[in-house]
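Trainee: Following this message is one structure expressed as structure tokens.
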Amino acid sequence: LASTVANANGDARQMLEYTSRAISLCRKQLTQDELDDSTQISAPVVSIAHALNARKSLAERLPKEQITSLPSTLKSILCVILVIQKERDFRLLSLQEVVNSCITSLGATRTELTTTEIVSGINRLVDSDLLVKRKNNSSTKGASGDADFHIDVLKDVRTVGEKELLQSGSYNDLIEEVCMKMM
């Protein structure tokens with residue numbers, strides 16, 4: 001679990017949530033005698049199976065809760081990113097490509113956002129662990145700023161995002177606009 005969390009985002013809170021969930025799953029399987037404090041325990045009680053089940057259940061729950069609780073502006077930005085990435089066979093997207101698509105698509109279907117508002121929204125999605133912002137290794141030496149980054153959607157987020165946003169019907173006009181602009 002520690003390596004999973006470290007590779008994903010390094011957030012210790014997530015590791016604690018996994019651990020707490022694994023302990024909870026383990027407690028459900030123990031008898032009252034085994035739960036008694038006076039019982040001597042000579043072997044680990046929480047097994048790797050508990051940890052893996054905790055990881056699986058939290059991986060399915062967390063992105064859905066995060067996505068459904070997002071403000072509509074961030075849902076719209078995430079929706080644009082999901083559509084572009086799906087249309088481009090899930091490759092990494094440049095930050096500038098995402099910003100440009102958001103400006104044209106959101107401006108045609110919803111309230112217009114400035115570049116600064118879109119970049120801020122993307123950063124909030126990154127901070128929420130719904131997106132990953134990766135340094136562009138092929139960028140020109142000496143270049144700096146947001147142009148040096150690519151945006152990627154985590155697999156769990158992509159799956160849940162497609163169900164919650166793309167297939168919900170609420171964003172059909174935005175999806176059509178993104179697809180039209182890509183042609």
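Simple scheme: letters A, B, ... for chains in structure tokens order, numbers from 1 for residues in each chain, numbers from 1 for ligands in the order shown.
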List the spatial neighbours of His150 (chain A) as an MDAnalysis selection string - criterion: any atom at most 7 Å away, only C-alpha atoms, same-chain residues fewer than 3 positions off excluded.
Mentor: chainID A and resid 92:95 133:136
Trainee: Identify, on the basis of only C-alpha atoms, every residue whose closest approach to region 76-82 of chain A does not exceed 7 Å; exclude the query and any residue fewer than 4 positions from it along the same chain; express the result as a list of chain:residue names.
Mentor: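 Within the cut-off, the hits are A:Ser72, A:Lys86, A:Val98, A:Cys102, A:Arg158, A:Leu165, A:Leu166, A:Val178.
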Trainee: For a quick check of understanding, using only C-alpha atoms, which of A:Ser24, A:Met180, A:Ala12, A:Gln29 has the smallest distance to Thr104 (chain A)?
Mentor: A:Met180
Trainee: So which one's closest to Asn100 (chain A), A:Met182, A:Met15, A:Val45, A:Asp156? Using only C-alpha atoms, please.
Mentor: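 Result for the nearest residue to Asn100 (chain A): A:Met182.
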Trainee: Just list as a list in words whatever in region 43-147 of chain A DSSP marks as strand (DSSP E).
Mentor: Leu93, Ser94, Leu131, Val132, Lys133, Arg134 and Lys135 of chain A
Trainee: In Å, how far is it from CA of Ser128 (chain A) to CA of Ile151 (chain A)?
Mentor: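 Pair CA of Ser128 (chain A) / CA of Ile151 (chain A) returns 13.8 Å.
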